[in-house]
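Here the structure comes first, spelled out in structure tokens, and everything after it is commentary.
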Amino acid sequence: MTSTTGALPARALDTTAGTPWPVRHLSAKIADYIQRMPSVWVEGQVVQLNRRPGTTLAFLTLRDTDTDVSVPVSLHTRVLEQASTEIAEGAHVVVHVTPAYWPKRGSLQMQADEIRAVGVGELLARIEHLKRILAAEGLFDPSRKKPLPFLPGVVGLVCGRESKAEHDVVVNARARWPQVSFEIREVAVQGTQAVSQVSAALAELDADPSVEVIVVARGGGSVEDLLPFSNETLVRAAAACRTPLVSAIGHETDAPLLDLVADHRASTPTDAAKRIVPDIGEERARLQQARSRIRAAIAHRLRREEEGLAAMRSRPVLARPHTVPDAEAERVAHQRQA
């Protein structure tokens, strides 16, 4: 029970178990500190947006695009209406907020007086700037690219939950080589959870010694949908992989930064399947062709050797080997008689 006698400690460091602060005093201290904080522009993604019926208030949750960190924001509906473009869940925005602390509830909330959507042009400009930075660090250099194994026993696959990309990779790979096995990690491939979940999946598969190659597959989308795959945190996580990595995120016209840092880029998930395993039919045909060529080469070599032996045997010295000794013996005998 808090003592009511004597003055309260002036500083938090001066409190003890015998001389604590009451909750109201701590709450007032926090409120006083937060009230001195200036307003600030904050960038993030809107993951929840609710308008309270019967009032002019709206509430949204602003989440960091790199990590699972979010803050609540309150604002008047007129602030939303004054935005140059409509603000909806999933929008990438910058918000001018002032921190507000509610002492009775002990809760912190941001109060917004302006909100702006970040346009596609600005997002692309940021990606281009990051691209130049990563290129200068050498993350896209061809010398860093690792070759794909010829016949991987286990393929790691990072994809969306029950996605067509997963179907395309698995079905086409097994059609080419039925014995291939997969370690599949189904994750969010767009939105605020994508960066953290894809990065975690990459790290987990990279740490598995049985996984010989990793495929990250999505299968295209809008610029906003593919933003996580140009995120610096995710791109650096991919660059840190020791296992060969195949990026199958977009189509021919899509070029997220993950494509540049990966060891190999596939234009589609189906193309990725063709890159990671050989076609058993083609390999059998090549093996048969190789056997035919070997047989033909051996037969040709034997014929050539037989012809060479026949030519050597047809020479007089070999056809009648005693001709020279007999002639010499006759000459010696003739000289002896003389």
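Simple scheme: letters A, B, ... for chains in structure tokens order, numbers from 1 for residues in each chain, numbers from 1 for ligands in the order shown.
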
Hey, what's within 7 Å of Thr98 in chain A if we count only C-alpha atoms and toss same-chain stuff fewer than 2 positions away? As a short mmCIF file (atom, residue, chain, number, x, y, z; two decimals) with C-alpha atoms, in the first residue's frame, please?
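And here is the file that came out, selection.cif:
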```cif
data_model
loop_
_atom_site.label_atom_id
_atom_site.label_comp_id
_atom_site.auth_asym_id
_atom_site.auth_seq_id
_atom_site.Cartn_x
_atom_site.Cartn_y
_atom_site.Cartn_z
CA PRO A 38 6.64 17.31 -31.45
CA SER A 39 4.45 16.21 -34.32
CA VAL A 40 6.11 13.89 -36.83
CA ALA A 100 -1.37 11.55 -27.37
CA MET A 110 -1.29 8.92 -32.65
CA GLN A 111 -3.66 11.73 -33.68
CA ALA A 112 -3.40 12.56 -37.38
#
```

Q: Compile the contact shell of Glu89 in chain A as a ChimeraX atom specification: residues with an atom at most 6 Å away, counting only C-alpha atoms, same-chain residues fewer than 4 positions apart removed.
A: /A:46-48

**Q.** Residue among A:Thr270, A:Thr323, A:Thr55, A:Ser74 lying closest to Ala173 in chain A, counting only C-alpha atoms
**A.**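 Ranking A:Thr270, A:Thr323, A:Thr55, A:Ser74 by distance to Ala173 in chain A, first place goes to A:Thr270.
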
Q) Residues at most 9 Å from range 215-223 of chain A, counting only C-alpha atoms, excluding those fewer than 3 positions away in the same chain, as number ranges by chain? A) A: 120, 123-124, 155-160, 163-166, 169, 189, 198, 202, 226-227, 244-251, 253-254, 256, 267-269, 272-273, 276

(Q) DSSP on the backbone: which residues in range 74-278 of chain A end up as strand (DSSP E)? Give the answer as a PyMOL selection string. (A) chain A and resi 74-76+92-102+107-117+154-159+181-186+213-217+245-248+264-265

Go ahead and save the residues from that selection, with C-alpha atoms, as a compact mmCIF listing (two decimals), in the first residue's frame.
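Resulting contents of out.txt:
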```txt
# COMPACT_ATOMS: atom_id res chain seq x y z
CA SER A 74 -7.09 8.35 -34.85
CA LEU A 75 -8.24 11.08 -37.20
CA HIS A 76 -11.30 13.00 -38.30
CA HIS A 92 1.11 2.91 -48.51
CA VAL A 93 0.86 6.30 -46.79
CA VAL A 94 2.66 9.04 -44.92
CA VAL A 95 0.78 10.56 -41.98
CA HIS A 96 1.39 13.71 -39.94
CA VAL A 97 0.71 12.67 -36.35
CA THR A 98 0.94 14.00 -32.82
CA PRO A 99 1.43 11.51 -29.96
CA ALA A 100 -1.37 11.55 -27.37
CA TYR A 101 -1.39 9.68 -24.07
CA TRP A 102 -4.58 8.88 -22.17
CA SER A 107 -2.75 4.03 -23.66
CA LEU A 108 -0.81 5.80 -26.38
CA GLN A 109 -2.33 6.82 -29.67
CA MET A 110 -1.29 8.92 -32.65
CA GLN A 111 -3.66 11.73 -33.68
CA ALA A 112 -3.40 12.56 -37.38
CA ASP A 113 -4.20 15.88 -39.04
CA GLU A 114 -2.96 14.99 -42.56
CA ILE A 115 -2.56 11.80 -44.58
CA ARG A 116 -1.10 11.28 -48.04
CA ALA A 117 -0.94 8.19 -50.22
CA VAL A 154 15.14 -31.82 -52.11
CA VAL A 155 13.88 -28.46 -53.35
CA GLY A 156 12.83 -25.72 -50.92
CA LEU A 157 9.78 -23.79 -52.10
CA VAL A 158 8.54 -20.48 -50.65
CA CYS A 159 5.10 -19.55 -51.99
CA SER A 181 10.99 -33.94 -53.14
CA PHE A 182 9.86 -30.56 -51.80
CA GLU A 183 10.14 -28.70 -48.52
CA ILE A 184 7.31 -26.17 -48.88
CA ARG A 185 6.83 -23.05 -46.78
CA GLU A 186 3.50 -21.34 -47.40
CA VAL A 213 18.07 -25.33 -54.06
CA ILE A 214 15.40 -22.79 -52.99
CA VAL A 215 12.65 -21.35 -55.18
CA VAL A 216 10.66 -18.23 -54.23
CA ALA A 217 7.52 -18.22 -56.38
CA LEU A 245 18.25 -19.38 -54.99
CA VAL A 246 15.79 -19.13 -57.89
CA SER A 247 13.44 -16.14 -58.05
CA ALA A 248 10.11 -16.74 -59.82
CA HIS A 264 18.88 -17.46 -61.19
CA ARG A 265 15.73 -15.69 -62.40
```

Q. When DSSP works through the backbone of this structure, what residues of range 99-255 of chain A end up as alpha helix (DSSP H), shown as a PyMOL selection string?
A. chain A and resi 120-136+164-176+194-206+232-239

Q) A:Val171, A:Val261, A:Ala297, A:Leu234: which is nearest Gly138 in chain A, counting only C-alpha atoms? A) A:Val261

Hey, what's within 10 Å of Thr192 in chain A if we count only C-alpha atoms and toss same-chain stuff fewer than 3 positions away? As a PDB file with C-alpha atoms, in the first residue's frame, please?
```
ATOM      1  CA  GLY A  44       3.708   2.859 -43.192  1.00  0.00           C
ATOM      2  CA  GLN A  45       0.910   0.721 -44.576  1.00  0.00           C
ATOM      3  CA  VAL A  46      -2.739   0.909 -43.568  1.00  0.00           C
ATOM      4  CA  VAL A  47      -3.786  -2.550 -42.377  1.00  0.00           C
ATOM      5  CA  ARG A  63       2.136  -0.903 -39.744  1.00  0.00           C
ATOM      6  CA  ASP A  64       5.810  -0.860 -40.659  1.00  0.00           C
ATOM      7  CA  THR A  65       6.421  -2.446 -44.062  1.00  0.00           C
ATOM      8  CA  ASP A  66       9.618  -4.195 -42.924  1.00  0.00           C
ATOM      9  CA  THR A  67       8.744  -5.598 -39.508  1.00  0.00           C
ATOM     10  CA  ASP A  68       5.681  -6.568 -37.519  1.00  0.00           C
ATOM     11  CA  VAL A  69       5.393  -3.237 -35.667  1.00  0.00           C
ATOM     12  CA  GLY A  90      -3.334  -1.837 -47.890  1.00  0.00           C
ATOM     13  CA  ALA A 188       2.188 -14.282 -47.155  1.00  0.00           C
ATOM     14  CA  VAL A 189       3.505 -13.109 -50.535  1.00  0.00           C
ATOM     15  CA  VAL A 195       8.767  -9.429 -45.778  1.00  0.00           C
ATOM     16  CA  SER A 196       9.063 -11.047 -42.354  1.00  0.00           C
ATOM     17  CA  GLN A 197       7.475 -14.364 -43.375  1.00  0.00           C
ATOM     18  CA  LEU A 227       6.766  -4.315 -53.278  1.00  0.00           C
ATOM     19  CA  PRO A 228       7.853  -6.820 -50.581  1.00  0.00           C
TER      20      PRO A 228
END
```

**Q.** Residue with smallest distance to Leu257 in chain A - pool A:Gln82, A:Ser230, A:Thr61, A:Gln289, counting only C-alpha atoms
**A.**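 Using only C-alpha atoms, the shortest distance to Leu257 in chain A belongs to A:Ser230.
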
Q. How many Å lie between CA of Trp177 in chain A and CA of Ile280 in chain A, rounded to one decimal?
A. 5.6 Å
